[in-house]
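S.K.: For reference, the file final.tsv (TSV, C-alpha atoms (C1' of nucleotides)) is included below:
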chain	number	residue	atom	x	y	z
A	1	MET	CA	0.00	0.00	0.00
A	2	LYS	CA	1.43	3.34	-1.07
A	3	ILE	CA	1.72	6.28	1.25
A	4	SER	CA	-1.01	8.23	-0.52
A	5	GLU	CA	-3.41	5.35	0.00
A	6	VAL	CA	-2.50	5.08	3.66
A	7	SER	CA	-3.02	8.80	3.95
A	8	GLU	CA	-6.44	8.57	2.40
A	9	GLN	CA	-7.46	5.60	4.48
A	10	SER	CA	-6.19	7.00	7.76
A	11	GLY	CA	-6.89	10.68	7.33
A	12	LEU	CA	-3.30	11.56	8.23
A	13	SER	CA	-1.41	13.64	5.69
A	14	VAL	CA	1.38	12.11	3.62
A	15	ASP	CA	3.76	14.54	5.28
A	16	THR	CA	2.63	13.46	8.71
A	17	LEU	CA	3.15	9.79	7.88
A	18	ARG	CA	6.70	10.44	6.68
A	19	TYR	CA	7.29	12.61	9.72
A	20	TYR	CA	6.12	9.81	12.02
A	21	GLU	CA	8.56	7.43	10.40
A	22	LYS	CA	11.37	9.96	10.58
A	23	ILE	CA	10.99	10.44	14.34
A	24	GLY	CA	10.59	6.73	14.98
A	25	LEU	CA	6.91	6.64	15.82
A	26	LEU	CA	6.46	4.37	12.84
A	27	PRO	CA	9.08	1.71	12.22
A	28	PRO	CA	11.09	1.91	8.99
A	29	VAL	CA	8.47	0.91	6.46
A	30	ASN	CA	9.39	-1.63	3.77
A	31	ARG	CA	10.28	-0.19	0.38
A	32	THR	CA	9.94	-1.26	-3.22
A	33	ASP	CA	13.12	-1.62	-5.30
A	34	SER	CA	12.87	1.99	-6.31
A	35	GLY	CA	12.65	3.13	-2.72
A	36	ILE	CA	8.93	3.75	-2.45
A	37	ARG	CA	7.25	2.93	0.85
A	38	ASN	CA	5.04	-0.12	0.83
A	39	PHE	CA	2.91	-0.21	3.97
A	40	ASP	CA	1.77	-3.66	5.08
A	41	GLU	CA	-1.18	-4.72	7.21
A	42	LEU	CA	0.75	-4.32	10.44
A	43	ASP	CA	1.90	-0.82	9.53
A	44	LEU	CA	-1.69	0.01	8.74
A	45	ARG	CA	-2.94	-1.11	12.11
A	46	ARG	CA	-0.21	0.83	13.82
A	47	VAL	CA	-1.05	3.97	11.86
A	48	ASN	CA	-4.67	3.70	12.87
A	49	PHE	CA	-3.87	3.06	16.50
A	50	ILE	CA	-1.59	6.07	16.53
A	51	LYS	CA	-4.19	8.19	14.83
A	52	CYS	CA	-6.73	7.28	17.44
A	53	MET	CA	-4.37	7.98	20.33
A	54	ARG	CA	-3.20	11.27	18.84
A	55	ALA	CA	-6.76	12.39	18.26
A	56	ALA	CA	-7.32	11.98	21.99
A	57	GLY	CA	-4.23	14.05	22.70
A	58	LEU	CA	-1.70	11.42	23.77
A	59	PRO	CA	1.76	12.90	23.20
A	60	ILE	CA	3.94	11.45	20.48
A	61	GLU	CA	6.70	10.96	23.03
A	62	VAL	CA	4.56	8.57	25.03
A	63	LEU	CA	3.65	6.55	21.97
A	64	ILE	CA	7.28	6.26	20.96
A	65	GLU	CA	8.12	5.05	24.44
A	66	TYR	CA	5.30	2.54	24.27
A	67	TYR	CA	6.46	1.07	20.97
A	68	ALA	CA	10.02	0.94	22.22
A	69	LEU	CA	8.75	-1.36	24.96
A	70	VAL	CA	6.72	-3.44	22.52
A	71	GLN	CA	9.94	-3.92	20.60
A	72	GLN	CA	11.65	-5.32	23.69
A	73	GLY	CA	9.27	-8.23	24.12
A	74	ASP	CA	7.28	-9.79	26.89
A	75	GLU	CA	9.20	-8.57	29.91
A	76	THR	CA	7.86	-5.10	29.25
A	77	ILE	CA	4.19	-5.99	29.42
A	78	GLU	CA	3.78	-4.60	32.89
A	79	ALA	CA	5.49	-1.33	31.96
A	80	ARG	CA	3.34	-0.98	28.87
A	81	LYS	CA	0.23	-1.60	30.87
A	82	GLN	CA	1.21	1.13	33.26
A	83	ILE	CA	1.79	3.61	30.47
A	84	LEU	CA	-1.66	2.89	29.09
A	85	GLN	CA	-3.25	3.12	32.50
A	86	LYS	CA	-1.66	6.48	33.16
A	87	GLN	CA	-2.81	7.80	29.81
A	88	ARG	CA	-6.25	6.44	30.44
A	89	ALA	CA	-6.45	8.28	33.75
A	90	GLN	CA	-5.43	11.52	32.09
A	91	LEU	CA	-7.95	10.96	29.35
A	92	VAL	CA	-10.73	10.45	31.86
A	93	THR	CA	-9.77	13.67	33.59
A	94	LYS	CA	-9.73	15.57	30.35
A	95	MET	CA	-13.10	14.20	29.33
A	96	ALA	CA	-14.58	15.32	32.63
A	97	GLU	CA	-13.24	18.83	32.03
A	98	MET	CA	-14.70	18.81	28.58
A	99	GLN	CA	-18.03	17.72	29.94
A	100	GLU	CA	-17.99	20.73	32.25
A	101	THR	CA	-17.23	22.99	29.33
A	102	LEU	CA	-20.02	21.37	27.37
A	103	ASP	CA	-22.48	22.00	30.18
A	104	LEU	CA	-21.38	25.61	30.35
A	105	LEU	CA	-21.72	26.02	26.60
A	106	ASN	CA	-25.17	24.52	26.68
A	107	HIS	CA	-26.15	26.90	29.40
A	108	LYS	CA	-24.82	29.94	27.53
A	109	ILE	CA	-26.50	28.91	24.33
A	110	GLN	CA	-29.75	28.52	26.21
A	111	VAL	CA	-29.37	32.00	27.62
A	112	TYR	CA	-28.87	33.37	24.12
A	113	GLU	CA	-31.86	31.46	22.85
A	114	ASN	CA	-34.01	32.99	25.56
A	115	ALA	CA	-32.63	36.42	24.73
A	116	VAL	CA	-33.59	35.99	21.09
A	117	LEU	CA	-37.08	34.84	22.02
A	118	LYS	CA	-37.56	37.76	24.34
A	119	LYS	CA	-36.48	40.17	21.63
A	120	GLU	CA	-38.96	38.68	19.18
A	121	GLN	CA	-41.69	38.96	21.77
A	122	GLU	CA	-40.93	42.61	22.33
A	123	LEU	CA	-41.34	43.21	18.62
A	124	THR	CA	-44.79	41.66	18.55
A	125	ASP	CA	-45.93	43.31	21.79
B	1	MET	CA	-7.50	41.64	43.13
B	2	LYS	CA	-3.85	41.42	42.17
B	3	ILE	CA	-2.62	39.30	39.31
B	4	SER	CA	-0.96	36.79	41.60
B	5	GLU	CA	-4.25	36.21	43.40
B	6	VAL	CA	-6.10	35.79	40.13
B	7	SER	CA	-3.42	33.36	39.06
B	8	GLU	CA	-3.81	31.33	42.22
B	9	GLN	CA	-7.57	31.35	42.07
B	10	SER	CA	-7.78	30.46	38.39
B	11	GLY	CA	-4.83	28.16	38.00
B	12	LEU	CA	-3.52	30.18	35.06
B	13	SER	CA	0.02	31.48	35.38
B	14	VAL	CA	0.71	35.17	35.89
B	15	ASP	CA	2.49	35.17	32.55
B	16	THR	CA	-0.51	33.64	30.85
B	17	LEU	CA	-2.85	36.24	32.30
B	18	ARG	CA	-0.65	39.07	31.10
B	19	TYR	CA	-0.33	37.34	27.75
B	20	TYR	CA	-4.11	37.10	27.44
B	21	GLU	CA	-4.44	40.81	28.07
B	22	LYS	CA	-1.68	41.59	25.60
B	23	ILE	CA	-3.37	39.73	22.76
B	24	GLY	CA	-6.77	41.13	23.61
B	25	LEU	CA	-8.39	38.03	25.01
B	26	LEU	CA	-8.77	39.90	28.27
B	27	PRO	CA	-9.79	43.55	28.08
B	28	PRO	CA	-7.36	46.15	29.42
B	29	VAL	CA	-7.61	45.51	33.14
B	30	ASN	CA	-8.00	48.50	35.49
B	31	ARG	CA	-4.85	49.65	37.20
B	32	THR	CA	-3.96	51.22	40.51
B	33	ASP	CA	-2.27	54.63	40.44
B	34	SER	CA	1.10	52.96	40.26
B	35	GLY	CA	0.11	50.90	37.27
B	36	ILE	CA	-0.63	47.59	38.93
B	37	ARG	CA	-3.47	45.50	37.55
B	38	ASN	CA	-6.55	45.36	39.71
B	39	PHE	CA	-8.88	42.63	38.48
B	40	ASP	CA	-12.55	43.14	39.29
B	41	GLU	CA	-15.37	40.64	39.61
B	42	LEU	CA	-16.18	40.80	35.92
B	43	ASP	CA	-12.56	40.19	34.91
B	44	LEU	CA	-12.54	37.24	37.27
B	45	ARG	CA	-15.55	35.66	35.68
B	46	ARG	CA	-14.09	36.18	32.26
B	47	VAL	CA	-10.82	34.58	33.29
B	48	ASN	CA	-12.62	31.54	34.59
B	49	PHE	CA	-14.80	31.24	31.54
B	50	ILE	CA	-11.74	31.45	29.32
B	51	LYS	CA	-9.93	28.91	31.42
B	52	CYS	CA	-12.76	26.47	31.07
B	53	MET	CA	-13.03	26.95	27.31
B	54	ARG	CA	-9.29	26.70	26.80
B	55	ALA	CA	-9.16	23.51	28.85
B	56	ALA	CA	-11.59	22.01	26.39
B	57	GLY	CA	-9.44	23.11	23.50
B	58	LEU	CA	-11.34	26.10	22.12
B	59	PRO	CA	-8.84	28.21	20.21
B	60	ILE	CA	-7.89	31.61	21.57
B	61	GLU	CA	-8.81	33.15	18.23
B	62	VAL	CA	-12.40	32.05	18.58
B	63	LEU	CA	-12.66	33.43	22.08
B	64	ILE	CA	-11.28	36.78	20.96
B	65	GLU	CA	-13.82	36.88	18.17
B	66	TYR	CA	-16.57	36.02	20.63
B	67	TYR	CA	-15.64	38.83	23.02
B	68	ALA	CA	-15.34	41.27	20.14
B	69	LEU	CA	-19.01	40.53	19.43
B	70	VAL	CA	-19.96	40.87	23.09
B	71	GLN	CA	-18.35	44.29	22.95
B	72	GLN	CA	-20.60	45.29	20.06
B	73	GLY	CA	-23.82	44.81	21.95
B	74	ASP	CA	-27.14	43.12	21.42
B	75	GLU	CA	-27.22	42.98	17.64
B	76	THR	CA	-24.53	40.33	17.78
B	77	ILE	CA	-26.39	37.87	19.98
B	78	GLU	CA	-27.27	35.64	17.08
B	79	ALA	CA	-23.69	35.60	15.82
B	80	ARG	CA	-22.38	34.78	19.28
B	81	LYS	CA	-24.87	31.99	19.65
B	82	GLN	CA	-23.69	30.53	16.38
B	83	ILE	CA	-20.07	30.63	17.45
B	84	LEU	CA	-20.91	28.79	20.64
B	85	GLN	CA	-23.03	26.25	18.79
B	86	LYS	CA	-20.24	25.55	16.36
B	87	GLN	CA	-17.75	25.09	19.15
B	88	ARG	CA	-20.19	22.87	20.98
B	89	ALA	CA	-20.56	20.67	17.93
B	90	GLN	CA	-16.80	20.34	17.62
B	91	LEU	CA	-16.54	19.57	21.30
B	92	VAL	CA	-19.12	16.82	21.04
B	93	THR	CA	-17.22	15.33	18.13
B	94	LYS	CA	-13.96	15.47	20.02
B	95	MET	CA	-15.51	13.84	23.06
B	96	ALA	CA	-16.83	11.03	20.93
B	97	GLU	CA	-13.35	10.46	19.51
B	98	MET	CA	-11.95	10.44	23.00
B	99	GLN	CA	-14.53	7.92	24.08
B	100	GLU	CA	-13.39	5.66	21.23
B	101	THR	CA	-9.83	6.05	22.36
B	102	LEU	CA	-10.85	5.31	25.91
B	103	ASP	CA	-12.60	2.13	24.82
B	104	LEU	CA	-9.55	1.07	22.89
B	105	LEU	CA	-7.28	1.79	25.83
B	106	ASN	CA	-9.53	-0.19	28.12
B	107	HIS	CA	-9.45	-3.07	25.73
B	108	LYS	CA	-5.67	-3.01	25.43
B	109	ILE	CA	-5.20	-2.79	29.17
B	110	GLN	CA	-7.51	-5.76	29.57
B	111	VAL	CA	-5.44	-7.73	27.09
B	112	TYR	CA	-2.32	-6.93	29.07
B	113	GLU	CA	-4.01	-7.90	32.29
B	114	ASN	CA	-4.91	-11.26	30.82
B	115	ALA	CA	-1.37	-11.70	29.57
B	116	VAL	CA	-0.02	-11.09	33.05
B	117	LEU	CA	-2.46	-13.58	34.56
B	118	LYS	CA	-1.57	-16.20	32.01
B	119	LYS	CA	2.11	-15.74	32.73
B	120	GLU	CA	1.55	-16.16	36.45
B	121	GLN	CA	-0.46	-19.26	35.80
B	122	GLU	CA	2.34	-20.75	33.74
B	123	LEU	CA	4.71	-20.20	36.61
B	124	THR	CA	2.51	-22.13	39.02
B	125	ASP	CA	1.72	-24.92	36.53
C	1	DT	C1'	11.04	10.70	-25.86
C	2	DT	C1'	9.29	13.71	-23.50
C	3	DA	C1'	6.09	15.25	-20.30
C	4	DC	C1'	3.86	14.27	-16.16
C	5	DC	C1'	2.92	12.70	-11.77
C	6	DA	C1'	3.72	10.53	-7.46
C	7	DC	C1'	7.19	9.44	-4.95
C	8	DC	C1'	11.72	10.47	-2.41
C	9	DT	C1'	15.10	13.42	0.87
C	10	DG	C1'	16.99	16.81	4.27
C	11	DG	C1'	16.05	20.68	6.20
C	12	DA	C1'	13.73	24.98	6.95
C	13	DG	C1'	9.45	27.33	8.27
C	14	DT	C1'	4.96	27.73	10.61
C	15	DT	C1'	1.42	27.66	14.22
C	16	DG	C1'	-0.51	27.98	18.71
C	17	DG	C1'	0.23	28.90	23.09
C	18	DC	C1'	2.64	29.95	26.22
C	19	DT	C1'	7.15	30.95	29.17
C	20	DC	C1'	11.11	33.35	30.31
C	21	DC	C1'	14.25	37.32	30.62
C	22	DA	C1'	16.33	41.85	31.54
C	23	DA	C1'	15.64	46.05	33.14
C	24	DG	C1'	12.88	49.08	35.55
C	25	DT	C1'	9.25	50.94	39.31
C	26	DC	C1'	7.02	51.12	43.57
C	27	DA	C1'	5.45	50.14	48.65
C	28	DA	C1'	6.44	48.32	52.93
C	29	DG	C1'	9.44	46.57	56.69
C	30	DG	C1'	13.86	46.60	59.33
D	1	DC	C1'	17.52	55.12	53.96
D	2	DC	C1'	17.84	50.95	51.86
D	3	DT	C1'	16.73	46.40	50.77
D	4	DT	C1'	13.33	43.13	49.44
D	5	DG	C1'	9.80	41.42	46.82
D	6	DA	C1'	5.84	41.83	43.86
D	7	DC	C1'	4.66	44.22	40.19
D	8	DT	C1'	5.61	46.39	35.33
D	9	DT	C1'	7.23	46.20	30.12
D	10	DG	C1'	8.79	44.66	25.36
D	11	DG	C1'	10.60	41.24	23.26
D	12	DA	C1'	12.94	36.88	22.75
D	13	DG	C1'	12.79	31.90	23.29
D	14	DC	C1'	10.65	27.50	23.50
D	15	DC	C1'	7.87	23.34	22.59
D	16	DA	C1'	4.92	20.09	20.10
D	17	DA	C1'	3.52	18.83	16.00
D	18	DC	C1'	3.30	19.37	11.93
D	19	DT	C1'	3.80	21.55	7.02
D	20	DC	C1'	6.20	23.11	3.26
D	21	DC	C1'	10.01	23.48	-0.01
D	22	DA	C1'	13.69	22.65	-3.40
D	23	DG	C1'	15.79	19.49	-5.86
D	24	DG	C1'	15.92	14.80	-7.43
D	25	DT	C1'	14.22	9.87	-9.19
D	26	DG	C1'	11.39	6.59	-11.59
D	27	DG	C1'	7.46	4.52	-13.99
D	28	DT	C1'	3.67	5.32	-17.23
D	29	DA	C1'	1.13	7.26	-21.13
D	30	DA	C1'	0.53	10.29	-25.43
Turn this file's structure into structure tokens for me.

M.R.:
Amino acid sequence: MKISEVSEQSGLSVDTLRYYEKIGLLPPVNRTDSGIRNFDELDLRRVNFIKCMRAAGLPIEVLIEYYALVQQGDETIEARKQILQKQRAQLVTKMAEMQETLDLLNHKIQVYENAVLKKEQELTD
Amino acid sequence: MKISEVSEQSGLSVDTLRYYEKIGLLPPVNRTDSGIRNFDELDLRRVNFIKCMRAAGLPIEVLIEYYALVQQGDETIEARKQILQKQRAQLVTKMAEMQETLDLLNHKIQVYENAVLKKEQELTD
DNA sequence: TTACCACCTGGAGTTGGCTCCAAGTCAAGG
DNA sequence: CCTTGACTTGGAGCCAACTCCAGGTGGTAA
């Protein structure tokens, strides 16, 4: 699978995919004879996992660290679990904050809606 | 209220507060005779609103635009409402993405937990 | 065979949002 | 009086995460 196809499928830009490989977030992807990247199924899954984690705001650094541990085999399972647990906790916190913001936005919007209604009423009074 | 107190109360750094005023996200705050900022109740509320919105990822630009409309009075109520609605929609989308990520994290952590259990079991076999 | 297009590279530039610094002013306490 | 500490300013620096660019290669199609 060519980089443009991976880009299309994942929603990450071609530049971002190359950037991820350059900094080691993606492993060196296999190439054709002429040097063109040829993403395989495993690469694909990794790209999508990364995309999901990044969308939720997990730092690239953390993901690199995580994959470094994956690389090192089974003894690192506990460490990996702990990384994920920590990120999960942070995610939960962030979602709670966002829920608060959402409530506040809903409230404000409601206030504006009432203001509009009141204005209309004044016009027809 | 002095800037350090506002900082403490809001959790935003002193530098950030001054930065927000500099870029026009906060209005020019009243000063004492010797030029020291003296935040009033209204400033306080604005700071806390901004903090909440920023924590949820609303861009500074949008907030500046919003307050510019507030400044212009009642004719802009509809426009303000639309800004908030748009941001709310984006927030809802983002929260849904984060929920997906959370589910995935939970799943992965579960897999690791099982792996640990299995390993322990092998040891006692 | 030449024109085009997608790919490649290293490296520079951009964006958003702070964060820090140097140099200066003031009010209060010892 | 003088030192200390919190405040002031303009501007520079920093960080994460891209994003763009110039210059080059290689396969396909008119």

S.K.: Chain D near stretch 33-38 of chain B within 12 Å: what's each residue's closest atom pair and its distance in Å to one decimal, counting only C-alpha atoms (C1' of nucleotides), ordered by chain then ascending residue number, as CSV?

M.R.:
residue,atom,partner,partner_atom,distance
D:DA6,C1',B:Ile36,CA,10.0
D:DC7,C1',B:Ile36,CA,6.4
D:DT8,C1',B:Ile36,CA,7.3
D:DT9,C1',B:Gly35,CA,11.1

S.K.: Looking at all atoms listed in the file, which of C:DT1, C:DT15, C:DT9, C:DT25 is the one that sits closest to D:DA22?

M.R.: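 Answer, going by the shortest atom-to-atom distance: C:DT9.
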
S.K.: Give as a ChimeraX atom specification every residue of chain B that touches chain A within 6 Å, counting all atoms listed in the file.

M.R.: /B:52,56,81,98,101,109

S.K.: State the Cα RMSD (Å, one decimal) obtained when chain A is least-squares superposed onto chain B, all Cα atoms paired in order.

M.R.: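 C-alpha RMSD after least-squares superposition: 0.3 Å.
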
S.K.: Please, what distance in Å, to one decimal, runs between atom CA of B:Arg45 and atom C1' of C:DG16?

M.R.: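 Straight-line distance from atom CA of B:Arg45 to atom C1' of C:DG16 works out to 23.9 Å.
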
S.K.: Give me the residues of chain D that have any atom at most 8 Å from an atom of chain A; for each, the nearest atom pair and the distance in Å, rounded to one decimal. Use only C-alpha atoms (C1' of nucleotides), sort by chain and number, and format it as JSON lines.

M.R.:
{"residue": "D:DC18", "atom": "C1'", "partner": "A:Thr16", "partner_atom": "CA", "distance": 6.8}
{"residue": "D:DT19", "atom": "C1'", "partner": "A:Asp15", "partner_atom": "CA", "distance": 7.2}
{"residue": "D:DG26", "atom": "C1'", "partner": "A:Ser34", "partner_atom": "CA", "distance": 7.2}

S.K.: Looking at all atoms listed in the file, which of B:Gln9, B:Ile3, B:Val47, B:Thr32 is the one that sits closest to chain C?

M.R.: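 Result for the nearest residue to chain C: B:Thr32.
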
S.K.: Record the distance separating atom CA of A:Ser10 and atom C1' of D:DA29, expressed in Å with one decimal.

M.R.: 29.8 Å

S.K.: Show me, as a list in words, every residue of chain C with an atom at most 8 Å from chain B, counting all atoms listed in the file.

M.R.: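 Taking all atoms listed in the file into account, DC18, DT19 and DC26 of chain C sit within 8 Å of chain B.
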
S.K.: For the atom pair atom CA of B:Val29 and atom CA of B:Asp43, what is the interatomic distance in Å to one decimal place?

M.R.: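 These atoms are spaced 7.5 Å apart.
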
S.K.: What's around C:DA22 at 12 Å? Count only C-alpha atoms (C1' of nucleotides), leave out sequence neighbours fewer than 3 positions away in its own chain, and write the answer as an NGL selection string.

M.R.: :D and (9-12)

S.K.: For the residues selected in the previous step, produce a file with C-alpha atoms (C1' of nucleotides) as a PDB file, in the frame of the given file.

M.R.:
ATOM      1  C1'  DT D   9       7.230  46.200  30.120  1.00  0.00           C
ATOM      2  C1'  DG D  10       8.790  44.660  25.360  1.00  0.00           C
ATOM      3  C1'  DG D  11      10.600  41.240  23.260  1.00  0.00           C
ATOM      4  C1'  DA D  12      12.940  36.880  22.750  1.00  0.00           C
TER       5       DA D  12
END

S.K.: Pick out the residues sitting within 12 Å of D:DC2, and hand them over as a short mmCIF file (atom, residue, chain, number, x, y, z; two decimals) with C-alpha atoms (C1' of nucleotides), keeping the file's coordinate frame; count only C-alpha atoms (C1' of nucleotides), and ignore anything fewer than 4 positions along from it in its own chain.

M.R.:
data_model
loop_
_atom_site.label_atom_id
_atom_site.label_comp_id
_atom_site.auth_asym_id
_atom_site.auth_seq_id
_atom_site.Cartn_x
_atom_site.Cartn_y
_atom_site.Cartn_z
"C1'" DA C 28 6.44 48.32 52.93
"C1'" DG C 29 9.44 46.57 56.69
"C1'" DG C 30 13.86 46.60 59.33
#

S.K.: I'd like to know which of A:Gly11, A:Asn48, A:Asp40, A:Leu26 is closest to A:Glu65, using all atoms listed in the file.

M.R.: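 Looking only at the distances to A:Glu65, the closest residue turns out to be A:Leu26.
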
S.K.: Go through D:DG23, D:DT3, D:DA30, D:DA17 and flag the residue nearest C:DG10, using all atoms listed in the file for the distances.

M.R.: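 Looking only at the distances to C:DG10, the closest residue turns out to be D:DG23.
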